[in-house]
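Shown here: final.txt, compact mmCIF, C-alpha atoms and all ligand atoms.
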```txt
# COMPACT_ATOMS: atom_id res chain seq x y z
CA MET H 8 -128.51 22.29 117.21
CA SER H 9 -132.08 22.83 116.21
CA VAL H 10 -133.49 20.87 113.33
CA ALA H 11 -136.58 21.40 111.25
CA PRO H 12 -139.07 18.69 110.35
CA PRO H 13 -138.55 17.31 106.85
CA THR H 14 -140.13 19.26 104.03
CA PRO H 15 -143.10 17.74 102.18
CA GLU H 16 -140.70 16.88 99.33
CA ASP H 17 -138.39 15.07 101.73
CA GLN H 18 -141.32 13.14 103.15
CA VAL H 19 -142.37 11.98 99.71
CA LEU H 20 -138.78 10.97 98.99
CA PHE H 21 -138.75 8.95 102.21
CA LEU H 22 -141.88 7.08 101.11
CA ARG H 23 -140.39 6.43 97.68
CA ASN H 24 -137.24 5.06 99.25
CA ILE H 25 -139.16 2.76 101.57
CA GLN H 26 -141.04 1.51 98.55
CA ARG H 27 -137.76 0.82 96.81
CA LEU H 28 -136.41 -1.11 99.78
CA LEU H 29 -139.52 -3.25 99.88
CA GLY H 30 -139.76 -3.73 96.15
CA GLU H 31 -136.20 -3.99 94.94
CA GLY H 32 -134.12 -5.18 97.85
CA GLN H 33 -133.05 -8.78 97.49
CA PHE H 34 -133.82 -10.99 100.39
CA THR H 35 -133.45 -14.61 101.20
CA ALA H 36 -135.11 -14.23 104.61
CA SER H 37 -137.97 -12.12 105.90
CA TYR H 38 -135.58 -10.19 108.16
CA LYS H 39 -135.83 -6.93 106.28
CA PHE H 40 -139.53 -6.72 106.98
CA ALA H 41 -138.94 -7.40 110.65
CA LEU H 42 -136.19 -4.80 110.77
CA LEU H 43 -138.29 -2.08 109.13
CA HIS H 44 -141.23 -2.96 111.36
CA ALA H 45 -139.04 -2.85 114.46
CA ILE H 46 -137.59 0.54 113.52
CA ALA H 47 -141.09 1.96 112.90
CA ASP H 48 -142.31 0.66 116.27
CA LEU H 49 -139.31 2.09 118.10
CA CYS H 50 -139.71 5.49 116.44
CA VAL H 51 -143.15 5.73 118.05
CA ILE H 52 -141.91 4.84 121.50
CA LYS H 53 -138.53 6.51 121.50
CA GLY H 54 -138.65 9.22 118.86
CA ASP H 55 -140.16 12.67 118.67
CA ASP H 56 -141.50 14.98 116.00
CA THR H 57 -138.70 17.52 115.92
CA GLY H 58 -137.15 16.12 112.77
CA GLY H 59 -133.91 15.34 114.59
CA SER H 60 -131.81 12.19 114.38
CA LEU H 61 -132.54 9.28 116.72
CA ASP H 62 -130.24 6.71 118.29
CA LEU H 63 -131.64 3.21 118.52
CA ASP H 64 -130.09 0.39 120.51
CA VAL H 65 -129.57 -2.72 118.43
CA LYS H 66 -130.67 -4.61 121.57
CA ASP H 67 -134.04 -2.87 121.44
CA ILE H 68 -134.33 -3.74 117.77
CA ALA H 69 -133.54 -7.37 118.63
CA GLU H 70 -136.26 -7.34 121.27
CA LYS H 71 -138.82 -6.05 118.77
CA PHE H 72 -137.61 -8.69 116.33
CA ILE H 73 -138.34 -11.45 118.80
CA GLU H 74 -141.76 -9.98 119.56
CA LEU H 75 -142.62 -9.96 115.87
CA TYR H 76 -141.41 -13.49 115.18
CA TRP H 77 -142.70 -14.99 118.42
CA GLN H 78 -146.22 -15.04 117.11
CA GLN H 79 -145.21 -16.38 113.72
CA CYS H 80 -143.27 -19.31 115.11
CA ARG H 81 -146.31 -21.15 116.37
CA PRO H 82 -147.67 -23.86 114.05
CA PHE H 83 -149.95 -22.30 111.46
CA GLN H 84 -153.19 -24.18 110.99
CA SER H 85 -154.63 -23.67 107.54
CA GLY H 86 -158.15 -24.74 106.77
CA SER H 87 -157.55 -28.07 105.13
CA GLN H 88 -154.81 -29.49 107.32
CA SER H 89 -155.10 -31.35 110.56
CA THR H 90 -151.70 -30.43 111.94
CA GLY H 91 -150.13 -27.01 111.76
CA ILE H 92 -146.98 -26.13 109.87
CA ILE H 93 -144.11 -23.88 110.88
CA LEU H 94 -143.92 -21.16 108.26
CA GLN H 95 -140.73 -21.09 106.24
CA GLN H 96 -139.21 -17.59 106.40
CA ASN H 97 -136.08 -18.19 104.36
CA THR H 98 -135.44 -19.47 100.86
CA GLY H 99 -132.86 -21.97 102.10
CA ARG H 100 -132.52 -23.34 105.57
CA GLN H 101 -135.02 -22.00 108.09
CA ALA H 102 -134.06 -18.51 109.27
CA ALA H 103 -131.83 -18.64 112.36
CA VAL H 104 -134.03 -16.35 114.43
CA ILE H 105 -137.00 -18.63 113.83
CA SER H 106 -135.15 -21.72 114.95
CA THR H 107 -133.93 -19.94 118.08
CA VAL H 108 -137.39 -18.67 118.96
CA ILE H 109 -138.99 -22.07 118.37
CA LYS H 110 -136.50 -23.62 120.75
CA ALA H 111 -137.48 -21.09 123.43
CA GLN H 112 -141.18 -21.81 122.84
CA ASP H 113 -140.58 -25.55 123.17
CA ASP H 114 -138.94 -24.96 126.52
CA PHE H 115 -141.13 -22.21 127.93
CA GLY H 116 -144.52 -22.33 126.27
CA SER H 117 -146.27 -19.86 124.06
CA SER H 118 -146.41 -16.71 126.17
CA LEU H 119 -143.51 -14.37 125.54
CA PHE H 120 -144.45 -12.28 128.54
CA LYS H 121 -144.26 -15.31 130.85
CA PHE H 122 -140.98 -16.37 129.31
CA LYS H 123 -139.46 -12.94 130.03
CA GLN H 124 -140.68 -13.09 133.60
CA THR H 125 -139.80 -16.67 134.49
CA ALA H 126 -136.47 -16.99 132.73
CA PRO H 127 -134.82 -13.55 132.66
CA ASP H 128 -131.35 -14.98 132.06
CA LEU H 129 -132.43 -17.02 129.07
CA TRP H 130 -134.40 -14.04 127.78
CA ARG H 131 -131.24 -11.93 127.91
CA SER H 132 -129.31 -14.64 126.15
CA LEU H 133 -131.98 -14.98 123.44
CA LYS H 134 -131.83 -11.22 122.92
CA GLY H 135 -128.04 -11.45 122.61
CA THR H 136 -128.28 -14.20 120.00
CA VAL H 137 -130.85 -12.31 117.97
CA LYS H 138 -128.86 -9.09 118.27
CA ARG H 139 -125.90 -10.80 116.61
CA VAL H 140 -128.11 -11.99 113.74
CA VAL H 141 -129.59 -8.50 113.36
CA ASN H 142 -126.11 -7.01 113.28
CA GLU H 143 -124.73 -9.41 110.73
CA MET H 144 -127.68 -9.74 108.42
CA PRO H 145 -130.53 -7.28 107.98
CA LEU H 146 -128.97 -4.22 109.60
CA TRP H 147 -126.05 -4.47 107.28
CA LYS H 148 -127.98 -5.41 104.14
CA LEU H 149 -131.27 -3.56 104.45
CA GLN H 150 -130.24 -0.54 102.42
CA THR H 151 -128.84 -2.43 99.47
CA VAL H 152 -131.05 -2.33 96.39
CA GLY H 153 -129.79 -4.05 93.30
CA SER H 154 -126.16 -3.08 93.13
CA GLU H 155 -126.69 0.25 94.86
CA ARG H 156 -126.61 1.50 98.39
CA LEU H 157 -129.59 3.54 99.48
CA ASP H 158 -128.43 4.75 102.88
CA PHE H 159 -131.31 7.04 103.71
CA LEU H 160 -132.24 5.53 107.09
CA TYR H 161 -128.87 5.25 108.87
CA ASP H 162 -125.19 4.97 108.10
CA ASN H 163 -123.93 1.44 108.21
CA LEU H 164 -121.37 0.75 110.88
CA ASP H 165 -119.51 -2.47 111.40
CA THR H 166 -121.39 -5.61 112.31
CA THR H 167 -120.75 -5.31 116.04
CA THR H 168 -122.30 -1.88 116.48
CA LYS H 169 -124.46 -1.39 119.56
CA THR H 170 -126.51 1.52 118.23
CA ILE H 171 -127.61 2.96 114.95
CA THR H 172 -128.41 6.60 114.39
CA LEU H 173 -131.46 7.29 112.29
CA LYS H 174 -130.81 10.28 110.08
CA PRO H 175 -132.65 13.58 110.63
CA GLY H 176 -136.26 13.33 109.49
CA VAL H 177 -136.42 9.52 109.53
CA ALA H 178 -138.08 9.15 112.94
CA PHE H 179 -140.42 11.99 112.02
CA CYS H 180 -141.54 10.15 108.87
CA PHE H 181 -141.96 6.77 110.56
CA ARG H 182 -144.12 8.45 113.20
CA ALA H 183 -146.13 10.48 110.73
CA PHE H 184 -146.80 7.50 108.45
CA TYR H 185 -146.83 4.75 111.03
CA GLY H 186 -150.17 3.19 110.02
CA LEU H 187 -149.21 3.32 106.36
CA MET H 188 -145.77 1.86 107.07
CA ARG H 189 -147.20 -0.96 109.11
CA ASP H 190 -149.66 -1.92 106.37
CA LEU H 191 -146.97 -1.70 103.69
CA ILE H 192 -144.45 -3.77 105.60
CA GLN H 193 -146.93 -6.35 106.81
CA GLY H 194 -148.49 -6.72 103.35
CA ALA H 195 -145.09 -7.27 101.73
CA TRP H 196 -144.10 -9.69 104.49
CA VAL H 197 -147.26 -11.76 104.11
CA ARG H 198 -146.71 -12.00 100.34
CA PHE H 199 -143.12 -13.09 100.87
CA VAL H 200 -144.13 -15.83 103.30
CA GLN H 201 -146.98 -16.89 101.06
CA ARG H 202 -144.59 -17.44 98.17
CA LEU H 203 -142.15 -19.40 100.28
CA ASN H 204 -144.85 -21.64 101.68
CA ALA H 205 -147.08 -22.00 98.65
CA ASN H 206 -146.97 -25.78 98.68
CA ASN H 207 -147.99 -26.06 102.28
CA LEU H 208 -150.70 -23.47 102.53
CA GLY H 209 -154.22 -24.37 101.67
CA ASN H 210 -156.63 -21.66 102.69
CA LEU H 211 -154.62 -18.47 102.79
CA THR H 212 -157.17 -15.97 103.94
CA ASP H 213 -156.10 -15.99 107.56
CA LEU H 214 -152.33 -15.84 107.08
CA GLY H 215 -152.08 -12.10 107.80
CA THR H 216 -154.10 -12.40 110.98
CA PHE H 217 -151.99 -15.32 112.13
CA MET H 218 -148.76 -13.45 111.52
CA PHE H 219 -149.64 -10.09 113.03
CA ASP H 220 -152.36 -10.30 115.62
CA GLN H 221 -149.99 -10.08 118.52
CA GLU H 222 -150.32 -11.99 121.72
CA ARG H 223 -153.21 -10.18 123.31
CA SER H 224 -153.68 -10.42 127.01
CA SER H 225 -156.97 -11.80 128.13
CA LEU H 226 -158.90 -8.65 128.88
CA GLU H 227 -160.85 -10.43 131.63
CA ALA H 228 -157.93 -10.03 134.02
CA TYR H 229 -158.10 -6.25 133.78
CA LYS H 230 -161.73 -6.03 134.81
CA HIS H 231 -161.12 -6.79 138.47
CA ILE H 232 -158.32 -4.28 138.66
CA LEU H 233 -159.97 -1.45 136.76
CA ILE H 234 -163.30 -1.71 138.50
CA ASP H 235 -161.54 -0.73 141.75
CA VAL H 236 -159.21 1.83 140.22
CA GLN H 237 -162.17 3.56 138.52
CA ASP H 238 -164.43 3.29 141.57
CA ARG H 239 -167.00 1.29 139.61
CA GLN H 240 -167.55 4.15 137.15
CA CYS H 241 -167.54 4.07 133.37
CA PHE H 242 -164.35 5.78 132.29
CA TYR H 243 -166.15 7.86 129.68
CA CYS H 244 -169.62 8.74 131.00
CA HIS H 245 -168.92 8.31 134.73
CA GLN H 246 -172.17 6.46 135.30
CA GLU H 247 -172.11 3.40 137.47
CA LEU H 248 -170.82 0.17 135.96
CA ARG H 249 -172.92 -2.82 136.79
CA THR H 250 -172.49 -6.23 135.20
CA ASN H 251 -172.35 -4.89 131.70
CA LEU H 252 -168.82 -3.65 131.14
CA GLU H 253 -166.00 -3.83 128.62
CA VAL H 254 -162.27 -3.25 128.67
CA ASP H 255 -161.32 -0.58 126.14
CA HIS H 256 -157.91 0.19 124.65
CA PHE H 257 -157.60 3.93 125.38
CA VAL H 258 -155.30 4.31 122.36
CA PRO H 259 -157.10 1.93 119.99
CA TRP H 260 -155.38 -1.30 119.00
CA SER H 261 -155.81 -0.37 115.35
CA ARG H 262 -153.64 2.74 115.81
CA TYR H 263 -150.90 1.07 117.78
CA PRO H 264 -151.18 -2.51 118.97
CA THR H 265 -150.18 -2.49 122.61
CA ASP H 266 -151.32 -4.47 125.61
CA LEU H 267 -149.55 -2.40 128.23
CA GLY H 268 -151.70 -2.15 131.37
CA HIS H 269 -152.05 1.62 131.60
CA ASN H 270 -153.68 1.76 128.20
CA PHE H 271 -156.81 0.00 129.43
CA VAL H 272 -159.97 1.62 130.72
CA LEU H 273 -163.29 0.12 131.72
CA ALA H 274 -166.44 1.36 130.02
CA HIS H 275 -170.03 0.56 129.16
CA PRO H 276 -170.36 -1.41 125.92
CA ARG H 277 -172.31 1.47 124.38
CA CYS H 278 -169.59 3.99 125.30
CA ASN H 279 -166.86 1.65 124.09
CA ASN H 280 -168.66 0.97 120.82
CA SER H 281 -169.33 4.58 119.99
CA LYS H 282 -165.70 5.51 120.72
CA SER H 283 -164.69 2.74 118.32
CA ASP H 284 -161.25 3.38 116.74
CA TYR H 285 -161.12 7.07 117.62
CA LEU H 286 -158.96 8.76 120.17
CA ALA H 287 -160.89 10.20 123.10
CA ALA H 288 -161.40 13.96 123.54
CA GLU H 289 -159.26 16.10 125.86
CA GLN H 290 -161.44 15.66 128.91
CA HIS H 291 -160.97 11.91 128.69
CA LEU H 292 -157.26 12.32 128.10
CA GLU H 293 -157.12 14.40 131.25
CA SER H 294 -158.97 11.70 133.21
CA TRP H 295 -156.64 9.04 131.84
CA SER H 296 -153.57 11.00 132.80
CA GLU H 297 -155.01 11.73 136.23
CA ARG H 298 -156.08 8.16 136.88
CA ASN H 299 -152.63 6.85 136.03
CA ARG H 300 -150.98 9.49 138.20
CA VAL H 301 -153.23 9.51 141.25
CA ARG H 302 -153.74 5.76 141.36
CA SER H 303 -150.31 4.83 140.05
CA VAL H 304 -149.11 2.92 143.11
CA GLU H 305 -152.25 0.82 143.30
CA LEU H 306 -152.44 0.32 139.55
CA ASP H 307 -148.78 -0.63 139.14
CA GLN H 308 -148.85 -3.04 142.03
CA ARG H 309 -152.02 -4.77 140.94
CA LEU H 310 -150.80 -5.16 137.36
CA ILE H 311 -147.57 -6.68 138.64
CA ASP H 312 -149.41 -8.99 141.04
CA ALA H 313 -151.65 -10.20 138.24
CA GLY H 314 -148.63 -10.80 136.00
CA LEU H 315 -149.83 -8.31 133.38
CA PRO H 316 -147.41 -6.32 131.22
CA SER H 317 -147.14 -2.62 131.98
CA ASP H 318 -144.81 0.29 131.35
CA SER H 319 -146.38 3.61 132.23
CA LEU H 320 -143.74 5.67 130.45
CA ALA H 321 -144.11 3.73 127.20
CA SER H 322 -147.89 4.10 127.46
CA ILE H 323 -147.54 7.86 127.81
CA ARG H 324 -145.17 8.01 124.85
CA ILE H 325 -147.54 6.02 122.66
CA THR H 326 -150.48 8.18 123.72
CA GLU H 327 -148.53 11.35 123.06
CA TRP H 328 -147.56 10.10 119.62
CA ALA H 329 -151.16 9.13 118.79
CA TYR H 330 -152.53 12.58 119.73
CA GLU H 331 -149.74 14.32 117.87
CA GLN H 332 -150.71 12.50 114.70
CA VAL H 333 -154.36 13.50 115.08
CA GLU H 334 -153.34 17.08 115.70
CA LYS H 335 -151.20 17.16 112.58
CA SER H 336 -153.81 15.62 110.36
CA LYS H 337 -156.43 17.95 111.89
CA GLY H 338 -158.45 14.89 112.76
CA GLN H 339 -161.34 14.60 115.18
CA VAL H 340 -161.56 13.03 118.60
CA TRP H 341 -164.52 11.36 120.24
CA LEU H 342 -166.41 13.04 123.08
CA GLN H 343 -169.52 10.94 123.67
CA GLN H 344 -172.05 8.90 121.72
CA ALA H 345 -172.04 10.45 118.23
CA VAL H 346 -170.29 13.67 119.27
CA PHE H 347 -166.87 14.38 117.79
CA GLN H 348 -164.71 17.48 117.93
CA HIS H 349 -161.37 18.76 116.74
CA LEU H 350 -158.45 18.37 119.03
CA GLY H 351 -157.69 21.64 120.83
CA PRO H 352 -154.23 23.19 121.22
CA LYS H 353 -153.79 22.38 124.89
CA TRP H 354 -153.91 18.59 124.95
CA ARG H 355 -150.19 18.31 125.62
CA GLU H 356 -150.52 20.02 128.98
CA LEU H 357 -152.92 17.29 130.07
CA LEU H 358 -150.41 14.56 129.47
CA VAL H 359 -147.98 14.70 132.34
CA ALA H 360 -145.87 11.80 133.48
ZN ZN U 1 -170.39 4.84 129.92
```

What does this structure look like when you write it as C-alpha cells?
Amino acid sequence: MSVAPPTPEDQVLFLRNIQRLLGEGQFTASYKFALLHAIADLCVIKGDDTGGSLDLDVKDIAEKFIELYWQQCRPFQSGSQSTGIILQQNTGRQAAVISTVIKAQDDFGSSLFKFKQTAPDLWRSLKGTVKRVVNEMPLWKLQTVGSERLDFLYDNLDTTTKTITLKPGVAFCFRAFYGLMRDLIQGAWVRFVQRLNANNLGNLTDLGTFMFDQERSSLEAYKHILIDVQDRQCFYCHQELRTNLEVDHFVPWSRYPTDLGHNFVLAHPRCNNSKSDYLAAEQHLESWSERNRVRSVELDQRLIDAGLPSDSLASIRITEWAYEQVEKSKGQVWLQQAVFQHLGPKWRELLVA
C-alpha cells in the first residue's frame, strides 16, 4: 500500500498535538519527555520520509530512555554548592528509572558505552527493567490530556506490548521537525526539573547543558585512527595534515548528536571552522561514503580495538536523514571556505551502504 506524506495541514495539526501533550498532559515524572525524545530519535534512525507507519520496538525505546537519563543521573554541581545533587525527576519518590540507572553507575562507573561492553548481561537486564517501566507508565499514559485521549502518535496496546506502531505521517513529522522537537521537548523537560528541584538549585544557567550534552567521546582517540584512514590528508581540502588538525562531526552535532565512529573526519582547523554547522557538499558526501566503504574493514577494526562506539548503518541512516531535510528545506551545503551551494538532485546516489 502506498502512502502519501502528510499534508501541510496534517503537519500543523501534529505540531499542535505535540504542544498539547507537552502543555496539558499531567505528569508526576519526567518520563513523558524522555518518551517523546526517544521516539523522535528513533524516527531519525529507523524511519523514512514516505509518510508510512513505523513499528518501534519498546526495547529500543527503553535503550534510548537509558541513554537520556544516564547523563542526568550524575550528581549535578550548581555554582554555589560544594557537593553535587541528584536531580529529582518525580514529584514523589525518585523515579524508578533514575534509581535503577544510578545503581548501575555506582557499580560500573560513568561511561554507558563501557558498561554496555563490559557487562552485557547486566545491560540486557537493565534494558528489561526499564522496558517494563516504559510499558506500564509513559507509553500507556503519554497521550492522555486532561480527561481526554489524544491518540495521534500510536494506538495504545496492553502494558506488555513489545512494539508500538506509529501512525502514518508521525515518523515523517518527527523527522521533518526533529530540531524543533528536540528543543521543545528539552526545554519543557528542563523547566519541569527546575520546578521539582527549586530548593536545591542555586545557579541554574547550566542545567540544560548538564542534562543534554551527551557523553561525548574524547575526540583525541579518533585522531590516530583517522590520520591513517585518510592518508594524512584533510578530509575537505585534501592538503596534507601536519600537526594542526581537528576531528569534525561530518553530520554536525547540532543537527543530530551522535558519537558513532563513522561520522568523524579529520580536517584542518580552518576547513572545520568554515564548515561550521553546515552539511558538506555532494563531493564531500561522496568521499565520506567512499572512505567508509573502501576502508571499512580497517576502520571498523580500529574503532573496535580502541573501544569506540560505531555503527556504520546507523551513521548512514542519520546522514541520509540530515541531507533529506536540507533537500526539503531547499537549504545550502558547504563546499569550501565561504562557498556554499544548493544541494543537487543526485546526492542519494552517492550514499551507498
Ligand atoms: Zn583542509

Residue among H:Gly351, H:Pro82, H:Pro264, H:Pro13 lying closest to H:Lys337, counting only C-alpha atoms: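 Comparing H:Gly351, H:Pro82, H:Pro264, H:Pro13 against H:Lys337, the winner is H:Gly351.
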
Contacts of H:Ser317 within 9 Å, all atoms listed in the file, excl. fewer than 4 positions in-chain, as number ranges by chain: H: 266-270, 307, 310-311, 321-322

Spatial sel., origin (-166.6, 10.4, 121.8), limit 10 Å, all atoms listed in the file, listed as a VMD selection string: chain H and resid 243 to 244 278 to 283 285 to 288 291 339 to 348

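Proximity to H:Val200 was assessed for H:Val333, H:Ala69, H:Ile93, H:Leu306 counting all atoms listed in the file; the smallest distance is recorded for H:Ile93.
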
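Closest approach to ligand ZN 1 (chain U) among H:Thr265, H:Gln240, H:Gln332, H:Thr57 is made by H:Gln240 (distances from all atoms listed in the file).
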
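Near H:Gln193, within 9 Å and counting all atoms listed in the file, sit H:Phe40, H:Ala41, H:His44, H:Met188, H:Arg198, H:Gly215, H:Met218, H:Phe219; same-chain residues fewer than 5 positions away were not included.
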
Gap from atom CA of H:Ser296 to atom CA of H:Leu358 - Å, one decimal: 5.8 Å

Coordinates-based distance that separates atom CA of H:Glu70 from atom CA of H:Pro12 (Å, one decimal):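 Interatomic distance here is 28.4 Å.
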
H:Thr168, H:Ser37, H:Thr90, H:Thr250 ranked by distance to H:Val104, top pick (using only C-alpha atoms):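 Among H:Thr168, H:Ser37, H:Thr90, H:Thr250, it is H:Ser37 that comes nearest to H:Val104.
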
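With all atoms listed in the file as the basis for measurement, H:Val254 is the residue among H:Leu43, H:Val254, H:Ala36, H:Cys50 that approaches ligand ZN 1 (chain U) most closely.
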
Contacts to ligand ZN 1 (chain U) at 7 Å cut-off (all atoms listed in the file) as a PyMOL selection string: chain H and resi 241-246+274-275+277-278

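In this comparison, which uses all atoms listed in the file, the residue of H:Arg309, H:Val236, H:Gly153, H:Glu227 approaching H:Leu252 most closely is H:Glu227.
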
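Picture a line from atom CA of H:Arg262 to atom CA of H:Thr216; it runs 15.9 Å.
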
Return the padded bounding box of stretch 188-207 of chain H as JSON: axis-aligned, built from all atoms listed in the file, 3 Å added on each side, with centre and edge lengths in Å to one decimal.
```
{"center_x": -145.9, "center_y": -12.1, "center_z": 103.6, "size_x": 13.5, "size_y": 33.9, "size_z": 16.9}
```
